[in-house]
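**Q** Data: run39.cif, mmCIF, C-alpha atoms and all ligand atoms.
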```cif
data_input
#
loop_
_atom_site.label_atom_id
_atom_site.label_comp_id
_atom_site.auth_asym_id
_atom_site.auth_seq_id
_atom_site.Cartn_x
_atom_site.Cartn_y
_atom_site.Cartn_z
CA MET M 1 -46.70 -98.46 -158.74
CA PRO M 2 -44.83 -95.21 -157.89
CA THR M 3 -42.05 -95.63 -155.32
CA ARG M 4 -41.53 -93.45 -152.23
CA LEU M 5 -38.65 -91.82 -154.08
CA ALA M 6 -40.87 -90.86 -157.03
CA PRO M 7 -41.63 -87.32 -155.76
CA TYR M 8 -37.91 -86.54 -155.40
CA THR M 9 -36.92 -87.83 -158.81
CA ARG M 10 -39.79 -85.78 -160.25
CA PHE M 11 -38.50 -82.66 -158.57
CA ALA M 12 -34.92 -83.31 -159.72
CA ARG M 13 -36.14 -83.70 -163.30
CA ALA M 14 -38.24 -80.53 -163.16
CA ARG M 15 -35.37 -78.57 -161.60
CA LEU M 16 -32.98 -79.75 -164.27
CA LEU M 17 -35.15 -79.43 -167.36
CA ARG M 18 -37.39 -76.57 -166.18
CA ASP M 19 -40.05 -77.61 -168.64
CA ARG M 20 -42.74 -78.95 -166.33
CA PRO M 21 -44.59 -78.04 -163.15
CA PHE M 22 -43.41 -79.87 -160.04
CA TYR M 23 -45.90 -78.27 -157.70
CA ALA M 24 -49.66 -77.97 -158.00
CA HIS M 25 -52.24 -76.17 -155.94
CA TRP M 26 -55.83 -77.25 -156.30
CA ALA M 27 -58.80 -75.63 -154.67
CA ILE M 28 -61.12 -78.60 -154.26
CA THR M 29 -63.90 -76.17 -153.35
CA HIS M 30 -64.39 -72.48 -152.79
CA ARG M 31 -66.98 -73.18 -150.11
CA CYS M 32 -65.91 -72.56 -146.54
CA ASN M 33 -67.20 -72.89 -143.00
CA LEU M 34 -65.83 -69.39 -142.28
CA GLU M 35 -66.15 -65.94 -143.83
CA CYS M 36 -62.79 -64.55 -142.74
CA LYS M 37 -62.07 -60.86 -142.65
CA THR M 38 -59.08 -61.33 -144.96
CA CYS M 39 -60.76 -63.35 -147.68
CA THR M 40 -63.25 -63.33 -150.55
CA THR M 41 -62.85 -66.92 -151.71
CA TRP M 42 -65.89 -68.18 -149.80
CA THR M 43 -68.13 -65.74 -151.70
CA ARG M 44 -67.64 -67.89 -154.83
CA GLY M 45 -68.47 -71.19 -153.17
CA ASP M 46 -70.70 -73.18 -155.51
CA ILE M 47 -71.04 -76.93 -155.05
CA SER M 48 -72.66 -77.38 -158.46
CA SER M 49 -69.47 -76.35 -160.27
CA GLU M 50 -67.12 -78.63 -158.38
CA MET M 51 -65.44 -81.66 -159.91
CA ASP M 52 -66.95 -85.09 -159.51
CA GLU M 53 -64.83 -88.19 -158.82
CA ASP M 54 -64.23 -88.91 -162.51
CA ARG M 55 -62.84 -85.47 -163.17
CA ILE M 56 -60.72 -85.64 -160.04
CA ASP M 57 -59.26 -88.92 -161.34
CA GLU M 58 -58.63 -87.24 -164.68
CA LEU M 59 -56.77 -84.38 -162.96
CA ALA M 60 -54.76 -86.83 -160.83
CA ARG M 61 -53.71 -88.82 -163.90
CA MET M 62 -52.74 -85.67 -165.74
CA LEU M 63 -50.63 -84.34 -162.85
CA GLY M 64 -49.04 -87.78 -162.61
CA ARG M 65 -48.19 -87.70 -166.35
CA LEU M 66 -46.80 -84.17 -166.03
CA GLY M 67 -44.53 -85.36 -163.24
CA VAL M 68 -45.90 -83.19 -160.44
CA MET M 69 -44.12 -83.87 -157.15
CA GLN M 70 -46.35 -82.15 -154.63
CA LEU M 71 -50.00 -81.10 -154.51
CA SER M 72 -51.57 -78.82 -151.96
CA ILE M 73 -55.32 -79.26 -151.67
CA GLY M 74 -56.82 -76.01 -150.46
CA GLY M 75 -60.05 -74.12 -150.80
CA GLY M 76 -62.16 -72.57 -149.42
CA GLU M 77 -62.00 -75.16 -146.73
CA PRO M 78 -61.18 -78.59 -148.20
CA LEU M 79 -62.85 -80.47 -145.34
CA VAL M 80 -66.30 -79.22 -146.39
CA SER M 81 -65.96 -81.24 -149.60
CA ASP M 82 -67.07 -84.85 -149.35
CA LYS M 83 -64.73 -85.58 -152.30
CA LEU M 84 -61.62 -84.97 -150.20
CA PRO M 85 -60.97 -88.60 -149.17
CA HIS M 86 -61.35 -89.74 -152.76
CA ALA M 87 -59.01 -86.97 -153.94
CA VAL M 88 -56.31 -87.75 -151.38
CA LYS M 89 -56.30 -91.36 -152.50
CA ALA M 90 -56.37 -90.57 -156.21
CA PHE M 91 -53.39 -88.18 -156.14
CA GLN M 92 -51.32 -90.38 -153.85
CA ALA M 93 -51.90 -93.30 -156.19
CA GLU M 94 -50.11 -91.22 -158.85
CA GLY M 95 -47.02 -90.92 -156.62
CA ILE M 96 -47.77 -87.30 -155.67
CA ARG M 97 -47.14 -86.02 -152.14
CA VAL M 98 -50.39 -84.50 -150.90
CA ARG M 99 -50.82 -81.75 -148.32
CA VAL M 100 -54.24 -80.62 -147.09
CA LEU M 101 -54.54 -76.96 -146.08
CA THR M 102 -57.25 -76.61 -143.45
CA ASN M 103 -58.45 -73.84 -141.17
CA GLY M 104 -58.66 -76.58 -138.54
CA LEU M 105 -62.26 -76.11 -137.46
CA GLY M 106 -63.44 -79.34 -139.04
CA MET M 107 -60.32 -81.34 -138.18
CA LYS M 108 -61.92 -83.37 -135.42
CA PRO M 109 -60.02 -86.46 -134.25
CA SER M 110 -62.37 -88.76 -136.19
CA VAL M 111 -61.75 -86.77 -139.40
CA ALA M 112 -57.99 -86.69 -138.81
CA GLU M 113 -57.96 -90.42 -138.19
CA ARG M 114 -59.76 -91.06 -141.46
CA MET M 115 -57.25 -88.88 -143.33
CA PHE M 116 -54.26 -90.67 -141.81
CA LYS M 117 -55.78 -94.03 -142.66
CA LEU M 118 -55.87 -92.87 -146.28
CA GLY M 119 -52.13 -92.23 -146.05
CA LEU M 120 -52.15 -88.45 -145.64
CA ARG M 121 -48.88 -87.41 -143.99
CA GLU M 122 -48.79 -83.65 -144.62
CA MET M 123 -51.15 -81.06 -143.29
CA SER M 124 -51.29 -77.32 -142.74
CA PHE M 125 -53.45 -76.04 -139.88
CA SER M 126 -54.26 -72.31 -139.51
CA LEU M 127 -53.82 -70.46 -136.25
CA ASP M 128 -53.24 -66.71 -136.36
CA SER M 129 -53.34 -65.64 -132.74
CA LEU M 130 -53.21 -66.99 -129.21
CA ASN M 131 -55.59 -64.24 -128.17
CA PRO M 132 -59.16 -65.59 -128.61
CA LYS M 133 -60.52 -62.12 -129.35
CA VAL M 134 -58.00 -61.46 -132.14
CA GLN M 135 -58.47 -64.92 -133.67
CA GLU M 136 -62.25 -64.67 -133.65
CA GLU M 137 -62.14 -61.17 -135.15
CA ILE M 138 -60.07 -62.49 -138.07
CA ASP M 139 -62.39 -65.49 -138.41
CA ALA M 140 -65.36 -63.10 -138.21
CA ALA M 141 -67.04 -65.74 -136.06
CA PRO M 142 -67.43 -66.15 -132.30
CA GLY M 143 -66.27 -69.28 -130.46
CA THR M 144 -63.73 -70.50 -133.02
CA PHE M 145 -60.64 -70.21 -130.82
CA PRO M 146 -61.38 -73.04 -128.35
CA ILE M 147 -62.40 -75.34 -131.23
CA ARG M 148 -59.14 -74.68 -133.07
CA ILE M 149 -57.05 -75.28 -129.96
CA LYS M 150 -58.93 -78.46 -129.09
CA ASN M 151 -58.49 -79.84 -132.62
CA LEU M 152 -54.86 -78.73 -132.76
CA LEU M 153 -54.00 -80.57 -129.55
CA ALA M 154 -55.85 -83.70 -130.65
CA LEU M 155 -54.04 -83.56 -133.98
CA ALA M 156 -50.67 -83.09 -132.28
CA GLU M 157 -51.39 -86.19 -130.24
CA MET M 158 -52.27 -88.42 -133.16
CA PHE M 159 -50.29 -86.97 -136.08
CA PRO M 160 -48.13 -89.67 -137.72
CA LYS M 161 -44.58 -89.76 -136.38
CA LYS M 162 -43.19 -89.44 -139.89
CA GLY M 163 -45.24 -86.60 -141.26
CA LEU M 164 -45.02 -82.88 -141.93
CA ALA M 165 -47.46 -80.90 -139.82
CA VAL M 166 -47.43 -77.14 -140.41
CA MET M 167 -49.08 -74.43 -138.35
CA ASN M 168 -49.93 -71.59 -140.68
CA THR M 169 -50.06 -68.02 -139.35
CA ILE M 170 -51.03 -64.90 -141.28
CA VAL M 171 -48.94 -61.94 -140.04
CA PHE M 172 -51.04 -58.80 -139.64
CA PRO M 173 -50.91 -55.72 -137.37
CA ASP M 174 -52.75 -57.23 -134.40
CA ASN M 175 -50.58 -60.34 -134.04
CA LEU M 176 -47.14 -58.95 -134.88
CA HIS M 177 -46.08 -58.88 -131.23
CA GLU M 178 -47.29 -62.47 -130.77
CA LEU M 179 -44.96 -64.18 -133.25
CA PRO M 180 -42.44 -65.42 -130.64
CA ARG M 181 -45.25 -66.99 -128.59
CA ILE M 182 -46.87 -68.53 -131.66
CA LEU M 183 -43.49 -69.99 -132.61
CA GLU M 184 -43.15 -71.47 -129.12
CA LEU M 185 -46.63 -72.98 -129.34
CA GLY M 186 -45.87 -74.50 -132.74
CA LYS M 187 -42.67 -76.04 -131.36
CA SER M 188 -44.53 -77.44 -128.34
CA VAL M 189 -47.08 -79.21 -130.51
CA GLY M 190 -44.29 -80.60 -132.72
CA PHE M 191 -45.37 -78.64 -135.82
CA TYR M 192 -43.39 -76.60 -138.32
CA LEU M 193 -44.40 -72.96 -138.57
CA SER M 194 -45.30 -70.95 -141.64
CA PHE M 195 -45.63 -67.16 -141.40
CA ILE M 196 -47.41 -65.47 -144.29
CA PRO M 197 -47.69 -61.68 -144.61
CA VAL M 198 -51.28 -60.55 -144.88
CA HIS M 199 -52.31 -59.58 -148.41
CA VAL M 200 -54.66 -56.64 -148.72
CA PRO M 201 -55.93 -55.20 -152.00
CA ALA M 202 -55.75 -51.46 -152.59
CA LYS M 203 -58.68 -49.61 -151.07
CA GLY M 204 -61.71 -49.68 -153.36
CA LYS M 205 -60.27 -52.48 -155.56
CA ASN M 206 -61.89 -55.89 -155.78
CA HIS M 207 -59.62 -58.89 -155.56
CA LEU M 208 -60.23 -62.53 -156.35
CA PHE M 209 -58.94 -63.75 -152.98
CA TYR M 210 -58.47 -60.84 -150.58
CA ARG M 211 -60.58 -58.18 -148.92
CA TYR M 212 -59.65 -54.66 -148.01
CA ASP M 213 -59.91 -53.88 -144.33
CA GLU M 214 -58.25 -50.90 -142.71
CA THR M 215 -57.25 -52.91 -139.63
CA LEU M 216 -55.23 -55.34 -141.76
CA CYS M 217 -52.97 -52.60 -143.17
CA PHE M 218 -49.65 -51.96 -141.49
CA ASP M 219 -49.02 -48.39 -140.50
CA LYS M 220 -45.81 -46.97 -141.98
CA ASN M 221 -44.78 -46.05 -138.43
CA ARG M 222 -44.46 -49.72 -137.58
CA GLU M 223 -41.64 -50.32 -140.03
CA LYS M 224 -39.06 -50.92 -137.28
CA GLU M 225 -41.41 -53.28 -135.44
CA ILE M 226 -41.93 -55.30 -138.63
CA ARG M 227 -38.20 -55.40 -139.35
CA ASP M 228 -37.55 -56.61 -135.81
CA ALA M 229 -40.27 -59.27 -135.99
CA TYR M 230 -38.91 -60.75 -139.21
CA ALA M 231 -35.31 -60.40 -138.02
CA PHE M 232 -36.38 -62.52 -135.05
CA LEU M 233 -37.91 -65.18 -137.32
CA LEU M 234 -34.87 -65.22 -139.61
CA ASP M 235 -32.56 -65.54 -136.64
CA GLN M 236 -34.67 -68.35 -135.16
CA LYS M 237 -34.65 -70.18 -138.47
CA LYS M 238 -30.88 -69.87 -138.64
CA ARG M 239 -30.68 -71.39 -135.17
CA GLY M 240 -32.71 -74.39 -136.30
CA ALA M 241 -36.27 -73.41 -135.27
CA PRO M 242 -38.87 -75.41 -137.23
CA ILE M 243 -39.88 -72.62 -139.62
CA VAL M 244 -40.91 -73.94 -143.00
CA ASN M 245 -40.67 -70.63 -144.90
CA SER M 246 -37.42 -70.16 -146.75
CA SER M 247 -35.11 -67.35 -145.62
CA VAL M 248 -35.66 -65.68 -149.00
CA PHE M 249 -39.40 -65.73 -148.37
CA LEU M 250 -39.03 -64.22 -144.89
CA GLN M 251 -36.76 -61.48 -146.21
CA LYS M 252 -39.26 -60.57 -148.92
CA ALA M 253 -42.18 -60.81 -146.48
CA ARG M 254 -40.45 -58.29 -144.25
CA ILE M 255 -40.22 -55.84 -147.12
CA ILE M 256 -43.71 -56.18 -148.58
CA SER M 257 -45.31 -55.78 -145.15
CA PHE M 258 -44.39 -52.11 -145.03
CA THR M 259 -44.30 -51.11 -148.67
CA ALA M 260 -47.30 -50.32 -150.82
CA ALA M 261 -46.77 -53.54 -152.76
CA ARG M 262 -49.55 -55.40 -151.01
CA THR M 263 -51.94 -55.62 -153.88
CA GLY M 264 -51.68 -59.36 -154.41
CA ALA M 265 -50.24 -59.04 -157.90
CA ALA M 266 -50.24 -62.40 -159.67
CA MET M 267 -47.19 -64.53 -159.07
CA ARG M 268 -45.36 -65.65 -162.18
CA ALA M 269 -44.13 -68.92 -160.80
CA SER M 270 -44.08 -70.97 -163.93
CA SER M 271 -43.19 -74.20 -162.20
CA THR M 272 -46.58 -74.47 -160.60
CA PHE M 273 -49.98 -75.61 -161.69
CA PRO M 274 -52.99 -73.86 -160.17
CA SER M 275 -56.49 -75.17 -160.53
CA ALA M 276 -59.89 -73.99 -159.43
CA PRO M 277 -62.79 -76.24 -158.38
CA THR M 278 -64.32 -75.74 -161.81
CA ALA M 279 -61.50 -77.64 -163.50
CA TRP M 280 -60.12 -74.52 -165.15
CA SER M 281 -56.50 -73.61 -164.77
CA ARG M 282 -55.70 -69.94 -164.87
CA ARG M 283 -52.11 -69.25 -165.76
CA ALA M 284 -51.11 -65.71 -164.92
CA ILE M 285 -48.11 -65.81 -167.16
CA SER M 286 -47.30 -62.14 -167.42
CA SER M 287 -48.91 -58.87 -166.45
CA LYS M 288 -50.35 -58.63 -169.96
CA LYS M 289 -51.22 -62.20 -170.66
CA ASN M 290 -53.34 -64.80 -168.91
CA TRP M 291 -53.90 -68.26 -170.25
CA GLU M 292 -57.09 -69.70 -168.98
CA THR M 293 -57.72 -73.21 -170.06
CA PRO M 294 -59.81 -76.24 -169.18
CA ILE M 295 -57.72 -78.89 -167.49
CA ALA M 296 -58.40 -81.26 -170.35
CA GLU M 297 -56.51 -78.91 -172.70
CA TYR M 298 -53.71 -78.02 -170.34
CA GLU M 299 -51.22 -80.61 -171.58
CA GLN M 300 -51.72 -79.44 -175.15
CA LEU M 301 -51.18 -75.84 -174.09
CA ARG M 302 -48.10 -76.78 -172.16
CA ALA M 303 -46.63 -78.45 -175.20
CA SER M 304 -47.08 -75.36 -177.37
CA LYS M 305 -43.94 -73.40 -178.15
CA GLY M 306 -45.23 -69.99 -177.08
CA TYR M 307 -46.16 -71.23 -173.66
CA LEU M 308 -42.92 -73.03 -172.95
CA ASP M 309 -40.84 -70.06 -174.13
CA GLU M 310 -42.54 -67.86 -171.60
CA VAL M 311 -42.29 -70.50 -168.92
CA ARG M 312 -38.52 -70.74 -169.41
CA GLU M 313 -38.12 -66.99 -169.49
CA ARG M 314 -39.97 -66.58 -166.23
CA THR M 315 -38.89 -69.59 -164.27
CA ALA M 316 -36.44 -67.61 -162.19
CA HIS M 317 -38.81 -64.71 -161.86
CA CYS M 318 -40.87 -63.79 -158.88
CA GLU M 319 -42.83 -60.58 -158.78
CA GLU M 320 -42.76 -58.53 -155.62
CA GLY M 321 -46.17 -57.88 -154.20
CA CYS M 322 -47.50 -61.40 -153.96
CA LEU M 323 -46.12 -63.73 -151.38
CA ARG M 324 -48.72 -66.43 -151.39
CA PRO M 325 -46.36 -69.19 -150.37
CA CYS M 326 -48.00 -71.62 -152.76
CA TRP M 327 -46.48 -69.65 -155.65
CA ALA M 328 -43.55 -67.88 -154.11
CA GLU M 329 -41.75 -70.80 -152.51
CA PRO M 330 -41.76 -73.06 -155.59
CA THR M 331 -40.30 -70.14 -157.54
CA PHE M 332 -37.57 -69.68 -154.96
CA LEU M 333 -36.79 -73.40 -155.10
CA MET M 334 -36.06 -72.96 -158.78
CA SER M 335 -34.09 -69.76 -158.47
CA HIS M 336 -32.39 -69.76 -155.04
CA PRO M 337 -30.11 -72.70 -154.15
CA SER M 338 -30.35 -71.65 -150.48
CA SER M 339 -34.13 -72.26 -150.52
CA LEU M 340 -33.57 -75.65 -152.08
CA TRP M 341 -31.04 -76.56 -149.40
CA GLU M 342 -33.37 -75.40 -146.60
CA ILE M 343 -36.38 -77.36 -147.84
CA ALA M 344 -34.24 -80.44 -148.52
CA ARG M 345 -33.17 -80.38 -144.86
CA ILE M 346 -36.80 -80.18 -143.73
CA HIS M 347 -37.80 -83.10 -145.95
CA TRP M 348 -34.83 -85.09 -144.68
CA LYS M 349 -35.94 -84.46 -141.11
CA THR M 350 -39.48 -85.62 -141.88
CA LEU M 351 -38.04 -89.01 -142.78
CA GLY M 352 -37.09 -89.33 -139.11
CA ARG M 353 -39.32 -88.76 -136.10
CA ARG M 354 -41.47 -85.67 -135.85
CA PRO M 355 -40.56 -83.30 -132.98
CA ALA M 356 -42.22 -84.31 -129.72
CA PHE M 357 -45.59 -82.97 -128.54
CA GLU M 358 -45.16 -81.38 -125.10
CA PRO M 359 -48.62 -80.85 -123.57
CA ALA M 360 -47.26 -79.18 -120.40
CA ALA M 361 -45.40 -76.56 -122.46
CA VAL M 362 -48.51 -75.92 -124.56
CA HIS M 363 -50.65 -75.31 -121.49
CA ALA M 364 -48.02 -73.00 -120.00
CA ILE M 365 -47.98 -70.93 -123.21
CA LEU M 366 -51.77 -70.77 -123.38
CA GLY M 367 -52.04 -70.04 -119.67
CA THR M 368 -54.25 -73.08 -119.17
CA ALA M 369 -51.79 -74.99 -116.97
S1 LIG Z 401 -59.26 -67.48 -145.32
FE1 LIG Z 401 -59.53 -69.70 -145.53
S2 LIG Z 401 -60.80 -70.21 -143.76
FE2 LIG Z 401 -61.03 -68.04 -144.03
S3 LIG Z 401 -62.85 -67.76 -145.35
FE3 LIG Z 401 -61.04 -67.81 -146.69
S4 LIG Z 401 -60.89 -69.92 -147.33
FE4 LIG Z 401 -62.21 -69.89 -145.49
#
```
Mind converting the file's structure to structure tokens?
Ligand code: SF4

**A**
Amino acid sequence: MPTRLAPYTRFARARLLRDRPFYAHWAITHRCNLECKTCTTWTRGDISSEMDEDRIDELARMLGRLGVMQLSIGGGEPLVSDKLPHAVKAFQAEGIRVRVLTNGLGMKPSVAERMFKLGLREMSFSLDSLNPKVQEEIDAAPGTFPIRIKNLLALAEMFPKKGLAVMNTIVFPDNLHELPRILELGKSVGFYLSFIPVHVPAKGKNHLFYRYDETLCFDKNREKEIRDAYAFLLDQKKRGAPIVNSSVFLQKARIISFTAARTGAAMRASSTFPSAPTAWSRRAISSKKNWETPIAEYEQLRASKGYLDEVRERTAHCEEGCLRPCWAEPTFLMSHPSSLWEIARIHWKTLGRRPAFEPAAVHAILGTA
């Protein structure tokens, strides 16, 4: 039976030996209850290609054998998959810390309660704007804002005292000025905040995850505004604000937001394991080489000399242009001691009590007092 310390010893081993993934990201489904303006993932939603319970167990056992410390279950929207409860249990049984990344629309109190009963203690909940019009434009759906807020407040009320709740915000032109308010809201609900720069493919280019939309592109003239916004976040983090992004990440995010490098180039984080709902793992190992392999053959591939040589060579490497935190932050943990120190402090804090939920402050921020 894995101990509570198992994830940390796994990370220490991976950091030392640099021969294994310590972090995995698994899209349990590509289906989604939204068709966001930023995203193309939902266009590939196909329930018939998703893993059944047996294959999920197989993946869990393999990640356990590989010594993975942390798994993020994303999508699509993970809550649309009826396999999610089974998956949470299966991965936790292997001693892996599990985080579910949800857009929040389906996170009703009854669903949240079920998840907590299964032992889930980490969750990321998306909220991009406190302006209903802006949020619903990004969601490309009317009426989503009040549902998100209602679920967020219910979640804040019932989230386990010793858990890591993250509010995830995509930074794009229409919400840049809102970041201080969003940070305040996150603090008032007792969540950590994660700020991710919007990724937009070049005009006319298809991308596996992102969509081009003129309104998502930062105008060069806003460079100072972007610098100021990220300087604010970096300063707040330094002063102890609950921002989960590393300082390295925020510095890079500031730069890519106003350079042309917003094409979503594949991240070379070799300490991670990505997997699609179809049970294929696509390893973007270099700009010239992709290894695409069924999960069942992944361990064999990982043991091959060619693969490990490249993994070692690229462990400290992080290509500008892609700051999907799922790949960027694990890379920084391997290459930047400051990132390691910052995340260790957050994990240490999660062993104590979660910051308090302050309903009055939330209503004052939302203007619903
Ligand atoms: S961004 Fe997330 S919530 Fe929106 S369509 Fe894509 S997967 Fe769904």

**Q** Have a look at M:Ala12, M:Tyr230, M:Arg4, M:Glu35 and name the one nearest to Tyr210 (chain M); count all atoms listed in the file.

**A**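 Residue with the minimum atom-to-atom distance to Tyr210 (chain M): M:Glu35.
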
**Q** For Pro132 (chain M), work out the shell of residues within 9 Å, counting only C-alpha atoms and skipping chain neighbours fewer than 6 positions away, then give it as a list in words.

**A**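 Once the adjacent positions are removed, what remains is Gly143, Thr144, Phe145 and Pro146 of chain M.
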
**Q** Let me see if you get this right: every residue at most 12 Å from ligand LIG 401 (chain Z), counting only C-alpha atoms and all ligand atoms, written as number ranges by chain.

**A** M: 27-45, 73-80, 101-106, 124-128, 135-141, 144, 148, 168-170, 198-199, 208-211

**Q** Which value, in Å to one decimal, gives the distance between CA of Pro173 (chain M) and CA of Val244 (chain M)?

**A**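 Taking CA of Pro173 (chain M) and CA of Val244 (chain M), their separation equals 21.5 Å.
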
**Q** Find the residue from M:His336, M:Arg345, M:Lys150, M:Lys133 that sits nearest to Val189 (chain M); use all atoms listed in the file when measuring.

**A** M:Lys150

**Q** Could you work out how far CA of Met69 (chain M) lies from CA of Gly240 (chain M), giving the answer in Å with one decimal?

**A** 25.6 Å

**Q** Edge lengths and centre, in Å to one decimal, as AutoDock Vina command-line options: that's what I need for the box along x, y and z that holds all listed atoms of region 13-23 of chain M plus 5 Å on each side.

**A**
```
--center_x -39.4 --center_y -80.1 --center_z -163.2 --size_x 22.9 --size_y 17.1 --size_z 20.9
```

**Q** With distances taken over all atoms listed in the file, which residue among M:Gly95, M:Met158, M:Arg222, M:Pro142 lies nearest His177 (chain M)?

**A** M:Arg222

**Q** Hey, what's within 7 Å of region 107-115 of chain M if we count all atoms listed in the file and toss same-chain stuff fewer than 2 positions away? As a PyMOL selection string, please?

**A** chain M and resi 85+104-105+117-120+151+154-155
